[in-house]
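What follows is the content of final-v7.cif (mmCIF, C-alpha atoms; chains and numbers go by the auth columns).
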```
data_work
loop_
_atom_site.group_PDB
_atom_site.id
_atom_site.type_symbol
_atom_site.label_atom_id
_atom_site.label_comp_id
_atom_site.label_asym_id
_atom_site.label_seq_id
_atom_site.Cartn_x
_atom_site.Cartn_y
_atom_site.Cartn_z
_atom_site.B_iso_or_equiv
_atom_site.auth_seq_id
_atom_site.auth_asym_id
ATOM 1 C CA MET A 1 1.862 -37.364 35.426 0.00 1 M
ATOM 2 C CA GLU A 2 -1.480 -35.826 34.588 0.00 2 M
ATOM 3 C CA ARG A 3 -2.163 -35.508 30.857 0.00 3 M
ATOM 4 C CA ILE A 4 -3.219 -32.103 29.535 0.00 4 M
ATOM 5 C CA PRO A 5 -5.860 -32.188 26.789 0.00 5 M
ATOM 6 C CA MET A 6 -5.414 -29.717 23.947 0.00 6 M
ATOM 7 C CA THR A 7 -6.363 -29.294 20.334 0.00 7 M
ATOM 8 C CA ALA A 8 -3.787 -29.680 17.556 0.00 8 M
ATOM 9 C CA GLU A 9 -4.090 -25.927 16.946 0.00 9 M
ATOM 10 C CA GLY A 10 -3.377 -25.158 20.609 0.00 10 M
ATOM 11 C CA HIS A 11 -0.427 -27.569 20.656 0.00 11 M
ATOM 12 C CA GLN A 12 1.060 -25.895 17.577 0.00 12 M
ATOM 13 C CA ALA A 13 0.658 -22.440 19.167 0.00 13 M
ATOM 14 C CA LEU A 14 2.632 -23.587 22.238 0.00 14 M
ATOM 15 C CA VAL A 15 5.366 -25.105 20.036 0.00 15 M
ATOM 16 C CA GLU A 16 5.602 -21.780 18.148 0.00 16 M
ATOM 17 C CA GLU A 17 5.825 -19.807 21.406 0.00 17 M
ATOM 18 C CA VAL A 18 8.662 -22.015 22.718 0.00 18 M
ATOM 19 C CA LYS A 19 10.481 -21.631 19.402 0.00 19 M
ATOM 20 C CA PHE A 20 10.091 -17.828 19.582 0.00 20 M
ATOM 21 C CA LEU A 21 11.259 -17.635 23.210 0.00 21 M
ATOM 22 C CA LYS A 22 14.326 -19.797 22.518 0.00 22 M
ATOM 23 C CA SER A 23 15.409 -18.490 19.121 0.00 23 M
ATOM 24 C CA ILE A 24 14.507 -14.785 19.330 0.00 24 M
ATOM 25 C CA GLU A 25 13.922 -13.685 22.934 0.00 25 M
ATOM 26 C CA ARG A 26 16.787 -15.648 24.524 0.00 26 M
ATOM 27 C CA PRO A 27 19.494 -14.210 22.188 0.00 27 M
ATOM 28 C CA ARG A 28 18.013 -10.699 22.534 0.00 28 M
ATOM 29 C CA ILE A 29 18.176 -10.927 26.332 0.00 29 M
ATOM 30 C CA ILE A 30 21.728 -12.342 26.273 0.00 30 M
ATOM 31 C CA LYS A 31 22.788 -9.406 24.095 0.00 31 M
ATOM 32 C CA ALA A 32 21.116 -6.940 26.519 0.00 32 M
ATOM 33 C CA ILE A 33 22.959 -8.533 29.455 0.00 33 M
ATOM 34 C CA ALA A 34 26.286 -8.286 27.610 0.00 34 M
ATOM 35 C CA GLU A 35 25.672 -4.616 26.770 0.00 35 M
ATOM 36 C CA ALA A 36 24.721 -3.830 30.365 0.00 36 M
ATOM 37 C CA ARG A 37 27.866 -5.602 31.647 0.00 37 M
ATOM 38 C CA ALA A 38 29.967 -3.366 29.436 0.00 38 M
ATOM 39 C CA HIS A 39 28.700 -0.341 31.367 0.00 39 M
ATOM 40 C CA GLY A 40 30.727 -1.368 34.397 0.00 40 M
ATOM 41 C CA ASP A 41 29.669 -1.728 38.050 0.00 41 M
ATOM 42 C CA LEU A 42 26.923 -4.379 38.112 0.00 42 M
ATOM 43 C CA SER A 43 25.739 -3.663 41.651 0.00 43 M
ATOM 44 C CA GLU A 44 24.168 -0.344 40.630 0.00 44 M
ATOM 45 C CA ASN A 45 23.405 -1.179 37.002 0.00 45 M
ATOM 46 C CA ALA A 46 19.613 -1.079 36.537 0.00 46 M
ATOM 47 C CA GLU A 47 19.827 -2.216 32.905 0.00 47 M
ATOM 48 C CA TYR A 48 21.764 -5.316 33.942 0.00 48 M
ATOM 49 C CA HIS A 49 19.280 -6.210 36.695 0.00 49 M
ATOM 50 C CA ALA A 50 16.307 -5.641 34.357 0.00 50 M
ATOM 51 C CA ALA A 51 17.874 -7.853 31.684 0.00 51 M
ATOM 52 C CA LYS A 52 18.612 -10.588 34.244 0.00 52 M
ATOM 53 C CA GLU A 53 15.011 -10.420 35.447 0.00 53 M
ATOM 54 C CA GLN A 54 13.783 -10.715 31.841 0.00 54 M
ATOM 55 C CA GLN A 55 16.064 -13.719 31.405 0.00 55 M
ATOM 56 C CA GLY A 56 14.568 -15.397 34.470 0.00 56 M
ATOM 57 C CA LEU A 57 11.004 -14.764 33.300 0.00 57 M
ATOM 58 C CA ASN A 58 11.793 -16.013 29.784 0.00 58 M
ATOM 59 C CA GLU A 59 13.453 -19.222 31.018 0.00 59 M
ATOM 60 C CA SER A 60 10.601 -19.814 33.465 0.00 60 M
ATOM 61 C CA ARG A 61 8.047 -19.507 30.642 0.00 61 M
ATOM 62 C CA VAL A 62 10.074 -21.884 28.429 0.00 62 M
ATOM 63 C CA GLN A 63 10.165 -24.454 31.246 0.00 63 M
ATOM 64 C CA GLU A 64 6.423 -24.116 31.878 0.00 64 M
ATOM 65 C CA LEU A 65 5.551 -24.531 28.198 0.00 65 M
ATOM 66 C CA GLU A 66 7.910 -27.475 27.695 0.00 66 M
ATOM 67 C CA ASP A 67 6.341 -29.178 30.719 0.00 67 M
ATOM 68 C CA LYS A 68 2.839 -28.662 29.300 0.00 68 M
ATOM 69 C CA LEU A 69 3.938 -29.925 25.879 0.00 69 M
ATOM 70 C CA SER A 70 5.531 -33.031 27.380 0.00 70 M
ATOM 71 C CA ARG A 71 2.225 -33.891 29.093 0.00 71 M
ATOM 72 C CA ALA A 72 0.015 -32.837 26.176 0.00 72 M
ATOM 73 C CA GLU A 73 -2.692 -35.158 24.950 0.00 73 M
ATOM 74 C CA VAL A 74 -3.465 -33.769 21.511 0.00 74 M
ATOM 75 C CA ILE A 75 -7.058 -34.477 20.567 0.00 75 M
ATOM 76 C CA ASP A 76 -8.018 -34.327 16.888 0.00 76 M
ATOM 77 C CA VAL A 77 -11.355 -32.523 17.079 0.00 77 M
ATOM 78 C CA SER A 78 -12.162 -33.327 13.435 0.00 78 M
ATOM 79 C CA LYS A 79 -12.488 -37.020 14.363 0.00 79 M
ATOM 80 C CA LEU A 80 -15.018 -36.335 17.125 0.00 80 M
ATOM 81 C CA SER A 81 -18.745 -36.474 16.611 0.00 81 M
ATOM 82 C CA GLY A 82 -22.015 -36.798 18.472 0.00 82 M
ATOM 83 C CA ASP A 83 -24.584 -34.524 19.994 0.00 83 M
ATOM 84 C CA THR A 84 -23.240 -34.475 23.553 0.00 84 M
ATOM 85 C CA VAL A 85 -21.015 -31.595 24.672 0.00 85 M
ATOM 86 C CA LYS A 86 -17.434 -32.738 25.318 0.00 86 M
ATOM 87 C CA PHE A 87 -13.880 -31.511 24.760 0.00 87 M
ATOM 88 C CA GLY A 88 -13.503 -29.919 21.334 0.00 88 M
ATOM 89 C CA ALA A 89 -17.214 -29.312 20.822 0.00 89 M
ATOM 90 C CA ILE A 90 -18.391 -26.071 19.280 0.00 90 M
ATOM 91 C CA VAL A 91 -21.515 -25.143 21.215 0.00 91 M
ATOM 92 C CA THR A 92 -24.048 -22.526 20.177 0.00 92 M
ATOM 93 C CA LEU A 93 -25.961 -21.136 23.151 0.00 93 M
ATOM 94 C CA VAL A 94 -28.735 -18.610 23.594 0.00 94 M
ATOM 95 C CA ASP A 95 -28.834 -16.427 26.696 0.00 95 M
ATOM 96 C CA GLU A 96 -32.302 -17.017 28.162 0.00 96 M
ATOM 97 C CA ASP A 97 -32.499 -13.438 29.476 0.00 97 M
ATOM 98 C CA THR A 98 -31.268 -11.411 26.493 0.00 98 M
ATOM 99 C CA GLU A 99 -31.927 -13.892 23.645 0.00 99 M
ATOM 100 C CA GLU A 100 -28.329 -13.211 22.519 0.00 100 M
ATOM 101 C CA GLU A 101 -26.605 -16.121 20.773 0.00 101 M
ATOM 102 C CA VAL A 102 -23.000 -17.027 21.581 0.00 102 M
ATOM 103 C CA LYS A 103 -20.747 -19.738 20.208 0.00 103 M
ATOM 104 C CA TYR A 104 -17.905 -21.342 22.168 0.00 104 M
ATOM 105 C CA GLN A 105 -15.457 -24.131 21.474 0.00 105 M
ATOM 106 C CA ILE A 106 -14.293 -26.115 24.494 0.00 106 M
ATOM 107 C CA VAL A 107 -10.494 -26.265 24.394 0.00 107 M
ATOM 108 C CA GLY A 108 -7.519 -27.010 26.637 0.00 108 M
ATOM 109 C CA GLU A 109 -6.610 -24.890 29.623 0.00 109 M
ATOM 110 C CA MET A 110 -3.724 -23.138 27.845 0.00 110 M
ATOM 111 C CA GLU A 111 -5.866 -22.301 24.780 0.00 111 M
ATOM 112 C CA GLY A 112 -8.801 -20.491 26.366 0.00 112 M
ATOM 113 C CA ASP A 113 -9.558 -17.068 24.848 0.00 113 M
ATOM 114 C CA VAL A 114 -13.159 -15.898 25.200 0.00 114 M
ATOM 115 C CA LYS A 115 -12.643 -13.111 22.640 0.00 115 M
ATOM 116 C CA LYS A 116 -11.886 -15.809 20.055 0.00 116 M
ATOM 117 C CA GLY A 117 -14.813 -17.958 21.190 0.00 117 M
ATOM 118 C CA LYS A 118 -12.643 -20.539 22.954 0.00 118 M
ATOM 119 C CA VAL A 119 -13.354 -21.481 26.557 0.00 119 M
ATOM 120 C CA SER A 120 -11.063 -23.571 28.727 0.00 120 M
ATOM 121 C CA ILE A 121 -12.287 -27.005 29.764 0.00 121 M
ATOM 122 C CA THR A 122 -11.768 -25.852 33.368 0.00 122 M
ATOM 123 C CA SER A 123 -13.922 -22.702 33.015 0.00 123 M
ATOM 124 C CA PRO A 124 -17.289 -22.578 34.802 0.00 124 M
ATOM 125 C CA ILE A 125 -19.266 -22.371 31.548 0.00 125 M
ATOM 126 C CA ALA A 126 -17.453 -25.358 29.994 0.00 126 M
ATOM 127 C CA ARG A 127 -17.906 -27.451 33.147 0.00 127 M
ATOM 128 C CA ALA A 128 -21.617 -26.586 33.128 0.00 128 M
ATOM 129 C CA MET A 129 -21.989 -27.625 29.469 0.00 129 M
ATOM 130 C CA ILE A 130 -20.070 -30.934 29.561 0.00 130 M
ATOM 131 C CA GLY A 131 -22.408 -33.895 29.112 0.00 131 M
ATOM 132 C CA LYS A 132 -25.381 -31.796 28.002 0.00 132 M
ATOM 133 C CA THR A 133 -27.177 -32.053 24.632 0.00 133 M
ATOM 134 C CA VAL A 134 -29.221 -29.777 22.347 0.00 134 M
ATOM 135 C CA GLY A 135 -32.218 -28.319 24.169 0.00 135 M
ATOM 136 C CA ASP A 136 -30.676 -28.648 27.639 0.00 136 M
ATOM 137 C CA ALA A 137 -30.531 -25.647 29.957 0.00 137 M
ATOM 138 C CA VAL A 138 -27.155 -24.601 31.340 0.00 138 M
ATOM 139 C CA GLU A 139 -26.825 -22.658 34.597 0.00 139 M
ATOM 140 C CA VAL A 140 -23.531 -20.812 35.083 0.00 140 M
ATOM 141 C CA ASN A 141 -22.449 -18.861 38.144 0.00 141 M
ATOM 142 C CA THR A 142 -20.554 -15.771 37.033 0.00 142 M
ATOM 143 C CA PRO A 143 -19.025 -12.920 39.027 0.00 143 M
ATOM 144 C CA GLY A 144 -21.997 -10.793 37.932 0.00 144 M
ATOM 145 C CA GLY A 145 -24.525 -13.405 39.099 0.00 145 M
ATOM 146 C CA GLY A 146 -26.119 -16.503 37.628 0.00 146 M
ATOM 147 C CA LYS A 147 -26.672 -16.840 33.870 0.00 147 M
ATOM 148 C CA SER A 148 -29.004 -19.253 32.096 0.00 148 M
ATOM 149 C CA TYR A 149 -28.365 -20.549 28.597 0.00 149 M
ATOM 150 C CA GLU A 150 -30.037 -23.067 26.330 0.00 150 M
ATOM 151 C CA ILE A 151 -27.919 -25.233 24.030 0.00 151 M
ATOM 152 C CA LEU A 152 -29.011 -24.693 20.416 0.00 152 M
ATOM 153 C CA LYS A 153 -26.342 -26.653 18.551 0.00 153 M
ATOM 154 C CA VAL A 154 -23.377 -28.958 19.184 0.00 154 M
ATOM 155 C CA SER A 155 -20.846 -29.559 16.396 0.00 155 M
ATOM 156 C CA PHE A 156 -17.266 -30.650 15.914 0.00 156 M
ATOM 157 C CA LYS A 157 -16.298 -28.425 12.915 0.00 157 M
#
```
Using structure tokens, write down the structure from this file.
Amino acid sequence: MERIPMTAEGHQALVEEVKFLKSIERPRIIKAIAEARAHGDLSENAEYHAAKEQQGLNESRVQELEDKLSRAEVIDVSKLSGDTVKFGAIVTLVDEDTEEEVKYQIVGEMEGDVKKGKVSITSPIARAMIGKTVGDAVEVNTPGGGKSYEILKVSFK
């Protein structure tokens, strides 16, 4: 089985989501199904079918998350160091066209959230940065065309 790299923070977020889905969502959905059953004829009961669909989606998500957690390889970013970009690195870049600075941390696939400055290890920008050091140029193909960045700083918190 393929291991899935993730930060301790990302691992904890997945554990919390599974806990929420099992302890809060599952009972809520079961209650909705019971209430819909009480309305009688199930073949034409839209509430019942909607609740059953929610139950299927919830259980599917729980299974997916538990699979990811069972294959998780939690990497303690605080113990990493160096000046080469790798998993867990916080990279400060400057856009060579606009001179705008951006900062991204390279995280696991399930943790990526660009708005929070976290890019998935499988994203084009992360793949372009891996193995590079301060001063290196990074070329990234985006849907809007190619972008060029220069790495200004690499840190591990």
Write out as a PDB file with C-alpha atoms, in the frame of the given file each polymer residue whose atoms come within 12 Å of M:Gln12, counting all atoms listed in the file; drop sequence neighbours fewer than 2 positions from it.
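What ended up in out.pdb:
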```pdb
ATOM      1  CA  MET M   6      -5.414 -29.717  23.947  1.00  0.00           C
ATOM      2  CA  THR M   7      -6.363 -29.294  20.334  1.00  0.00           C
ATOM      3  CA  ALA M   8      -3.787 -29.680  17.556  1.00  0.00           C
ATOM      4  CA  GLU M   9      -4.090 -25.927  16.946  1.00  0.00           C
ATOM      5  CA  GLY M  10      -3.377 -25.158  20.609  1.00  0.00           C
ATOM      6  CA  LEU M  14       2.632 -23.587  22.238  1.00  0.00           C
ATOM      7  CA  VAL M  15       5.366 -25.105  20.036  1.00  0.00           C
ATOM      8  CA  GLU M  16       5.602 -21.780  18.148  1.00  0.00           C
ATOM      9  CA  GLU M  17       5.825 -19.807  21.406  1.00  0.00           C
ATOM     10  CA  VAL M  18       8.662 -22.015  22.718  1.00  0.00           C
ATOM     11  CA  LYS M  19      10.481 -21.631  19.402  1.00  0.00           C
ATOM     12  CA  LEU M  65       5.551 -24.531  28.198  1.00  0.00           C
ATOM     13  CA  LEU M  69       3.938 -29.925  25.879  1.00  0.00           C
ATOM     14  CA  ALA M  72       0.015 -32.837  26.176  1.00  0.00           C
ATOM     15  CA  VAL M  74      -3.465 -33.769  21.511  1.00  0.00           C
ATOM     16  CA  MET M 110      -3.724 -23.138  27.845  1.00  0.00           C
ATOM     17  CA  GLU M 111      -5.866 -22.301  24.780  1.00  0.00           C
TER      18      GLU M 111
END
```
Practice problem: Can you turn the PyMOL selection byres ((chain M and resi 75) around 12) into a concrete residue list for this file, as a list in words? | Solution: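 That selection, the PyMOL selection byres ((chain M and resi 75) around 12), comes back as Arg3, Ile4, Pro5, Met6, Thr7, Ala8, Glu9, Gly10, His11, Ala72, Glu73, Val74, Asp76, Val77, Ser78, Lys79, Leu80, Lys86, Phe87, Gly88, Ala89, Ile106, Val107, Gly108 and Phe156 of chain M.
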Exercise. Could you tell me which residues the PyMOL selection byres ((chain M and resi 154) around 9) grabs in this file, written as a count of residues only?
Key: 15
Quiz item: Rounded to one decimal in Å, what is the spacing between atom CA of M:Glu53 and atom CA of M:Glu109?
Solution: 26.7 Å
Quiz item: Which one of M:Ser23, M:Ser120, M:Asn45, M:Asn141 sits closest to M:Tyr104 if you count all atoms listed in the file?
Solution: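 Selected residue with least distance to M:Tyr104: M:Ser120.
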Quiz prompt | Length of the atom CA of M:Leu21 to atom CA of M:Lys115 vector [Å] | solution =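 Separation of atom CA of M:Leu21 and atom CA of M:Lys115: 24.3 Å.
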Exercise. Select all residues near (17.8, -7.3, 31.4) (cut-off 9 Å, inclusive, file coordinates), counting only C-alpha atoms, and output them as JSON, numbers by chain.
Key: {"M": [29, 30, 32, 33, 36, 46, 47, 48, 49, 50, 51, 52, 53, 54, 55]}
Exercise. Report as a list in words the residues that result from applying the PyMOL selection byres ((chain M and resi 101) around 10) to the structure here.
Key: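 This file, filtered by the PyMOL selection byres ((chain M and resi 101) around 10), leaves Thr92, Leu93, Val94, Asp95, Glu96, Thr98, Glu99, Glu100, Val102, Lys103, Tyr149, Glu150, Ile151 and Leu152 of chain M.
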Self-check item: Point-to-point distance in Å for atom CA of M:Gln63 and atom CA of M:Lys31
Solution: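 Straight-line distance from atom CA of M:Lys31 to atom CA of M:Gln63 works out to 20.9 Å.
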Write out as a short mmCIF file (atom, residue, chain, number, x, y, z; two decimals) with C-alpha atoms, keeping the file's coordinate frame which residues come within 9 Å of M:Arg127 when counting only C-alpha atoms, dropping same-chain ones fewer than 5 positions away.
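Final output, saved to out_16.cif:
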```
data_model
loop_
_atom_site.label_atom_id
_atom_site.label_comp_id
_atom_site.auth_asym_id
_atom_site.auth_seq_id
_atom_site.Cartn_x
_atom_site.Cartn_y
_atom_site.Cartn_z
CA ILE M 121 -12.29 -27.00 29.76
CA THR M 122 -11.77 -25.85 33.37
CA VAL M 140 -23.53 -20.81 35.08
#
```
Quiz prompt | Residue with smallest distance to M:Glu139 - pool M:Asp67, M:Val119, M:Asp97, M:Lys157, counting all atoms listed in the file | solution =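 Looking at the shortest contact to M:Glu139, the residue is M:Asp97.
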Quiz item: So, counting only C-alpha atoms, which residue among M:Ser43, M:Asn58, M:Thr142, M:Ser70 is closest to M:Ile24?
Solution: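 Closest candidate: M:Asn58.
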Go ahead and fit an axis-aligned box to every listed atom of stretch 104-121 of chain M plus 6 Å each side, and pass me the centre and edge lengths in Å, one decimal, as JSON.
```
{"center_x": -10.8, "center_y": -20.1, "center_z": 24.9, "size_x": 26.2, "size_y": 25.9, "size_z": 21.7}
```
Quick one: stretch 7-62 of chain M with C-alpha atoms, as a JSON list (two decimals), in the first residue's frame?
```
[["chain", "number", "residue", "atom", "x", "y", "z"],
["M", 7, "THR", "CA", 1.84, 16.94, 8.37],
["M", 8, "ALA", "CA", 0.80, 16.31, 11.98],
["M", 9, "GLU", "CA", -1.64, 19.23, 11.64],
["M", 10, "GLY", "CA", -3.21, 17.69, 8.52],
["M", 11, "HIS", "CA", -3.44, 14.27, 10.19],
["M", 12, "GLN", "CA", -5.21, 15.79, 13.20],
["M", 13, "ALA", "CA", -7.68, 17.61, 10.92],
["M", 14, "LEU", "CA", -8.62, 14.30, 9.24],
["M", 15, "VAL", "CA", -9.03, 12.58, 12.63],
["M", 16, "GLU", "CA", -11.33, 15.44, 13.74],
["M", 17, "GLU", "CA", -13.39, 15.17, 10.54],
["M", 18, "VAL", "CA", -13.87, 11.40, 10.99],
["M", 19, "LYS", "CA", -14.89, 11.98, 14.61],
["M", 20, "PHE", "CA", -17.42, 14.63, 13.52],
["M", 21, "LEU", "CA", -18.87, 12.46, 10.74],
["M", 22, "LYS", "CA", -19.25, 9.45, 13.06],
["M", 23, "SER", "CA", -20.43, 11.12, 16.26],
["M", 24, "ILE", "CA", -22.56, 14.01, 14.95],
["M", 25, "GLU", "CA", -23.49, 13.52, 11.29],
["M", 26, "ARG", "CA", -24.22, 9.78, 11.46],
["M", 27, "PRO", "CA", -26.73, 10.07, 14.36],
["M", 28, "ARG", "CA", -28.35, 13.13, 12.73],
["M", 29, "ILE", "CA", -28.85, 11.22, 9.47],
["M", 30, "ILE", "CA", -30.19, 8.13, 11.28],
["M", 31, "LYS", "CA", -32.72, 10.35, 13.06],
["M", 32, "ALA", "CA", -33.75, 11.94, 9.71],
["M", 33, "ILE", "CA", -34.25, 8.48, 8.19],
["M", 34, "ALA", "CA", -36.39, 7.39, 11.15],
["M", 35, "GLU", "CA", -38.53, 10.54, 10.90],
["M", 36, "ALA", "CA", -38.99, 10.08, 7.16],
["M", 37, "ARG", "CA", -39.99, 6.42, 7.68],
["M", 38, "ALA", "CA", -42.70, 7.55, 10.06],
["M", 39, "HIS", "CA", -44.34, 9.47, 7.21],
["M", 40, "GLY", "CA", -45.39, 6.22, 5.56],
["M", 41, "ASP", "CA", -44.95, 5.05, 1.96],
["M", 42, "LEU", "CA", -41.19, 4.98, 1.30],
["M", 43, "SER", "CA", -41.44, 4.63, -2.48],
["M", 44, "GLU", "CA", -42.65, 8.22, -2.89],
["M", 45, "ASN", "CA", -41.00, 9.73, 0.19],
["M", 46, "ALA", "CA", -38.47, 12.34, -0.99],
["M", 47, "GLU", "CA", -37.25, 13.04, 2.56],
["M", 48, "TYR", "CA", -36.45, 9.37, 3.06],
["M", 49, "HIS", "CA", -34.53, 9.11, -0.23],
["M", 50, "ALA", "CA", -32.61, 12.34, 0.50],
["M", 51, "ALA", "CA", -31.66, 11.09, 3.97],
["M", 52, "LYS", "CA", -30.54, 7.72, 2.56],
["M", 53, "GLU", "CA", -28.43, 9.53, -0.03],
["M", 54, "GLN", "CA", -26.86, 11.67, 2.72],
["M", 55, "GLN", "CA", -26.14, 8.48, 4.66],
["M", 56, "GLY", "CA", -24.36, 6.97, 1.66],
["M", 57, "LEU", "CA", -22.27, 10.09, 1.10],
["M", 58, "ASN", "CA", -21.37, 10.32, 4.80],
["M", 59, "GLU", "CA", -20.33, 6.66, 5.04],
["M", 60, "SER", "CA", -18.34, 6.96, 1.80],
["M", 61, "ARG", "CA", -16.44, 9.97, 3.19],
["M", 62, "VAL", "CA", -15.75, 8.13, 6.48]]
```
